[in-house]
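Colleague: Structure file target-v6.csv (CSV, N, CA and C atoms) right here:
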chain,number,residue,atom,x,y,z
A,28,HIS,N,10.6,-0.3,-42.1
A,28,HIS,CA,11.2,0.3,-43.2
A,28,HIS,C,10.5,1.7,-43.5
A,29,VAL,N,9.2,1.8,-43.2
A,29,VAL,CA,8.5,3.0,-43.5
A,29,VAL,C,9.1,4.1,-42.5
A,30,LEU,N,9.3,3.8,-41.3
A,30,LEU,CA,9.9,4.8,-40.3
A,30,LEU,C,11.3,5.1,-40.8
A,31,TYR,N,12.1,4.1,-41.2
A,31,TYR,CA,13.4,4.3,-41.7
A,31,TYR,C,13.4,5.3,-42.9
A,32,ILE,N,12.6,5.1,-43.8
A,32,ILE,CA,12.5,6.0,-45.0
A,32,ILE,C,12.1,7.4,-44.6
A,33,LYS,N,11.1,7.5,-43.7
A,33,LYS,CA,10.7,8.8,-43.2
A,33,LYS,C,11.8,9.5,-42.5
A,34,THR,N,12.6,8.8,-41.7
A,34,THR,CA,13.8,9.3,-41.0
A,34,THR,C,14.8,9.8,-41.9
A,35,ARG,N,15.1,9.0,-43.0
A,35,ARG,CA,16.1,9.4,-44.0
A,35,ARG,C,15.6,10.7,-44.7
A,36,ASN,N,14.3,10.8,-44.9
A,36,ASN,CA,13.8,12.0,-45.6
A,36,ASN,C,14.0,13.2,-44.7
A,37,TYR,N,13.8,13.1,-43.4
A,37,TYR,CA,14.0,14.3,-42.5
A,37,TYR,C,15.5,14.6,-42.5
A,38,HIS,N,16.4,13.6,-42.5
A,38,HIS,CA,17.8,13.8,-42.5
A,38,HIS,C,18.3,14.5,-43.7
A,39,TRP,N,17.7,14.2,-44.8
A,39,TRP,CA,18.1,14.8,-46.1
A,39,TRP,C,17.6,16.2,-46.2
A,40,ASN,N,16.4,16.5,-45.6
A,40,ASN,CA,15.7,17.8,-45.9
A,40,ASN,C,15.6,18.7,-44.7
A,41,VAL,N,16.3,18.4,-43.6
A,41,VAL,CA,16.2,19.3,-42.5
A,41,VAL,C,16.8,20.7,-42.8
A,42,VAL,N,16.2,21.7,-42.3
A,42,VAL,CA,16.7,23.1,-42.5
A,42,VAL,C,16.6,23.9,-41.2
A,43,GLY,N,17.2,25.0,-41.2
A,43,GLY,CA,17.1,25.9,-40.1
A,43,GLY,C,18.3,26.0,-39.2
A,44,PRO,N,18.1,26.7,-38.1
A,44,PRO,CA,19.3,27.0,-37.2
A,44,PRO,C,19.8,25.7,-36.5
A,45,GLN,N,19.0,24.7,-36.3
A,45,GLN,CA,19.4,23.5,-35.7
A,45,GLN,C,19.8,22.4,-36.7
A,46,PHE,N,20.1,22.8,-37.9
A,46,PHE,CA,20.4,21.9,-39.0
A,46,PHE,C,21.4,20.8,-38.6
A,47,HIS,N,22.5,21.2,-38.1
A,47,HIS,CA,23.6,20.3,-37.8
A,47,HIS,C,23.2,19.3,-36.8
A,48,SER,N,22.7,19.7,-35.6
A,48,SER,CA,22.3,18.8,-34.6
A,48,SER,C,21.2,17.8,-35.0
A,49,LEU,N,20.2,18.3,-35.7
A,49,LEU,CA,19.1,17.5,-36.2
A,49,LEU,C,19.6,16.5,-37.3
A,50,HIS,N,20.4,17.0,-38.2
A,50,HIS,CA,21.0,16.2,-39.2
A,50,HIS,C,21.7,15.0,-38.6
A,51,GLU,N,22.5,15.2,-37.6
A,51,GLU,CA,23.3,14.2,-36.9
A,51,GLU,C,22.3,13.2,-36.2
A,52,LEU,N,21.3,13.8,-35.5
A,52,LEU,CA,20.3,13.0,-34.8
A,52,LEU,C,19.6,12.0,-35.7
A,53,PHE,N,19.1,12.6,-36.8
A,53,PHE,CA,18.4,11.7,-37.8
A,53,PHE,C,19.3,10.6,-38.3
A,54,GLU,N,20.6,10.9,-38.5
A,54,GLU,CA,21.5,9.9,-39.0
A,54,GLU,C,21.7,8.8,-37.9
A,55,GLU,N,21.8,9.1,-36.7
A,55,GLU,CA,21.9,8.1,-35.6
A,55,GLU,C,20.7,7.3,-35.6
A,56,GLN,N,19.5,7.9,-35.7
A,56,GLN,CA,18.2,7.2,-35.7
A,56,GLN,C,18.1,6.2,-36.9
A,57,TYR,N,18.4,6.7,-38.1
A,57,TYR,CA,18.2,5.7,-39.2
A,57,TYR,C,19.3,4.6,-39.2
A,58,THR,N,20.4,4.9,-38.7
A,58,THR,CA,21.4,3.8,-38.5
A,58,THR,C,20.9,2.8,-37.6
A,59,ALA,N,20.4,3.2,-36.4
A,59,ALA,CA,19.9,2.3,-35.4
A,59,ALA,C,18.7,1.5,-36.0
A,60,LEU,N,17.8,2.2,-36.8
A,60,LEU,CA,16.7,1.5,-37.4
A,60,LEU,C,17.1,0.5,-38.4
A,61,ALA,N,18.1,0.8,-39.2
A,61,ALA,CA,18.6,-0.2,-40.1
A,61,ALA,C,19.1,-1.5,-39.4
A,62,GLU,N,19.8,-1.3,-38.3
A,62,GLU,CA,20.3,-2.5,-37.6
A,62,GLU,C,19.1,-3.3,-37.0
A,63,SER,N,18.1,-2.6,-36.5
A,63,SER,CA,16.9,-3.3,-35.9
A,63,SER,C,16.1,-4.0,-37.0
A,64,ILE,N,16.0,-3.4,-38.2
A,64,ILE,CA,15.2,-4.0,-39.3
A,64,ILE,C,15.9,-5.3,-39.6
A,65,ASP,N,17.2,-5.3,-39.7
A,65,ASP,CA,17.9,-6.5,-40.1
A,65,ASP,C,17.8,-7.6,-39.0
A,66,GLU,N,17.9,-7.2,-37.8
A,66,GLU,CA,17.8,-8.2,-36.7
A,66,GLU,C,16.4,-8.8,-36.6
A,67,ILE,N,15.3,-8.0,-36.8
A,67,ILE,CA,14.0,-8.4,-36.8
A,67,ILE,C,13.7,-9.4,-38.0
A,68,ALA,N,14.2,-9.0,-39.2
A,68,ALA,CA,14.0,-9.9,-40.3
A,68,ALA,C,14.7,-11.2,-40.2
A,69,GLU,N,15.9,-11.2,-39.6
A,69,GLU,CA,16.6,-12.5,-39.3
A,69,GLU,C,15.9,-13.3,-38.3
A,70,ARG,N,15.3,-12.7,-37.3
A,70,ARG,CA,14.5,-13.4,-36.3
A,70,ARG,C,13.3,-14.0,-36.9
A,71,VAL,N,12.6,-13.3,-37.7
A,71,VAL,CA,11.4,-13.8,-38.4
A,71,VAL,C,11.8,-15.0,-39.3
A,72,ARG,N,12.9,-15.0,-40.0
A,72,ARG,CA,13.3,-16.1,-40.8
A,72,ARG,C,13.7,-17.3,-39.9
A,73,ALA,N,14.3,-17.0,-38.7
A,73,ALA,CA,14.7,-18.1,-37.8
A,73,ALA,C,13.4,-18.8,-37.2
A,74,LEU,N,12.3,-18.1,-37.2
A,74,LEU,CA,11.1,-18.7,-36.7
A,74,LEU,C,10.3,-19.4,-37.8
A,75,GLY,N,10.9,-19.4,-39.0
A,75,GLY,CA,10.3,-20.2,-40.1
A,75,GLY,C,9.4,-19.4,-41.0
A,76,TYR,N,9.4,-18.1,-40.9
A,76,TYR,CA,8.5,-17.3,-41.8
A,76,TYR,C,9.3,-16.5,-42.8
A,77,ASN,N,8.7,-16.0,-43.8
A,77,ASN,CA,9.3,-15.1,-44.7
A,77,ASN,C,9.3,-13.7,-44.2
A,78,ALA,N,10.4,-13.0,-44.3
A,78,ALA,CA,10.4,-11.6,-43.8
A,78,ALA,C,9.7,-10.7,-44.9
A,79,VAL,N,9.0,-9.7,-44.5
A,79,VAL,CA,8.4,-8.7,-45.4
A,79,VAL,C,9.5,-8.1,-46.2
A,80,GLY,N,9.3,-7.9,-47.5
A,80,GLY,CA,10.5,-7.3,-48.2
A,80,GLY,C,10.1,-6.4,-49.4
A,81,THR,N,8.9,-6.0,-49.5
A,81,THR,CA,8.5,-5.0,-50.6
A,81,THR,C,7.9,-3.8,-49.9
A,82,MET,N,8.0,-2.7,-50.6
A,82,MET,CA,7.4,-1.4,-50.1
A,82,MET,C,5.9,-1.6,-50.0
A,83,ARG,N,5.3,-2.3,-50.9
A,83,ARG,CA,3.9,-2.5,-50.8
A,83,ARG,C,3.5,-3.2,-49.5
A,84,GLU,N,4.3,-4.2,-49.2
A,84,GLU,CA,4.0,-5.0,-47.9
A,84,GLU,C,4.2,-4.0,-46.7
A,85,PHE,N,5.3,-3.3,-46.7
A,85,PHE,CA,5.6,-2.4,-45.6
A,85,PHE,C,4.5,-1.4,-45.4
A,86,LEU,N,4.0,-0.8,-46.5
A,86,LEU,CA,3.0,0.2,-46.4
A,86,LEU,C,1.6,-0.4,-46.0
A,87,GLU,N,1.4,-1.6,-46.4
A,87,GLU,CA,0.1,-2.3,-46.0
A,87,GLU,C,0.1,-2.6,-44.5
A,88,LEU,N,1.3,-2.9,-44.0
A,88,LEU,CA,1.4,-3.3,-42.6
A,88,LEU,C,1.7,-2.2,-41.7
A,89,SER,N,1.9,-1.0,-42.2
A,89,SER,CA,2.3,0.2,-41.4
A,89,SER,C,1.1,1.0,-41.0
A,90,ASN,N,1.1,1.6,-39.8
A,90,ASN,CA,0.2,2.6,-39.4
A,90,ASN,C,0.6,4.0,-39.6
A,91,LEU,N,1.8,4.1,-40.1
A,91,LEU,CA,2.4,5.5,-40.3
A,91,LEU,C,1.8,6.0,-41.6
A,92,GLU,N,1.5,7.3,-41.6
A,92,GLU,CA,0.9,7.9,-42.8
A,92,GLU,C,1.9,8.9,-43.4
A,93,GLU,N,1.7,9.2,-44.7
A,93,GLU,CA,2.5,10.1,-45.4
A,93,GLU,C,2.1,11.5,-45.0
A,94,GLU,N,3.0,12.5,-45.0
A,94,GLU,CA,2.7,13.9,-44.8
A,94,GLU,C,2.2,14.5,-46.0
A,95,ALA,N,1.5,15.6,-45.9
A,95,ALA,CA,1.1,16.4,-47.1
A,95,ALA,C,2.4,16.8,-47.8
A,96,PRO,N,2.3,16.8,-49.2
A,96,PRO,CA,3.5,17.3,-49.9
A,96,PRO,C,3.9,18.7,-49.5
A,97,ARG,N,5.2,18.9,-49.5
A,97,ARG,CA,5.7,20.3,-49.2
A,97,ARG,C,5.6,21.1,-50.4
A,98,THR,N,5.4,22.4,-50.2
A,98,THR,CA,5.5,23.4,-51.3
A,98,THR,C,6.7,24.3,-51.0
A,99,TYR,N,7.6,24.4,-51.9
A,99,TYR,CA,8.8,25.2,-51.7
A,99,TYR,C,8.7,26.5,-52.4
Now that the file is in, can you turn its structure into structure tokens?

Modeller:
Amino acid sequence: HVLYIKTRNYHWNVVGPQFHSLHELFEEQYTALAESIDEIAERVRALGYNAVGTMREFLELSNLEEEAPRTY
């Protein structure tokens, strides 16, 4: 979910001469990530565990870090 949210952020905020191609690429990536997230959660449940479901849990379990805030 953390990678999904980061990818959506790039999709929404991409700028520059490659806007269109990057915008489409990020959309493909976050769509694939959403499908994977669902499949993994369903597999976790099938194995008898609870799927992680809160942003706090996602952040605690993630190795991804936030970027420095942008200044516009």

Colleague: Provide the CA of Ile67 in chain A to CA of Asn40 in chain A distance in Å, to one decimal place.

Modeller: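 CA of Asn40 in chain A lies at a distance of 27.8 Å from CA of Ile67 in chain A.
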
Colleague: I'd like to know which of A:Glu87, A:Tyr31, A:Leu74, A:His38 is closest to Glu51 in chain A, using all atoms listed in the file.

Modeller: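 Closest to Glu51 in chain A, using all atoms listed in the file: A:His38.
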
Colleague: From a DSSP pass on the backbone, collect the residues of chain A flagged as alpha helix (DSSP H) and hand them back as a PyMOL selection string.

Modeller: chain A and resi 29-40+46-73+82-88

Colleague: Of the candidates A:Ala78, A:Phe85, A:Glu94, A:Asn36, which one gets nearest to Gln56 in chain A if we count only C-alpha atoms?

Modeller: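 Between A:Ala78, A:Phe85, A:Glu94, A:Asn36, the residue approaching Gln56 in chain A most closely is A:Asn36.
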
Colleague: What separation in Å, quoted to one decimal, exists between CA of Val79 in chain A and CA of Ile64 in chain A?

Modeller: 10.3 Å

Colleague: I'd like the interatomic distance between atom C of Leu49 in chain A and CA of Tyr37 in chain A, to a tenth of an Å.

Modeller: 8.0 Å
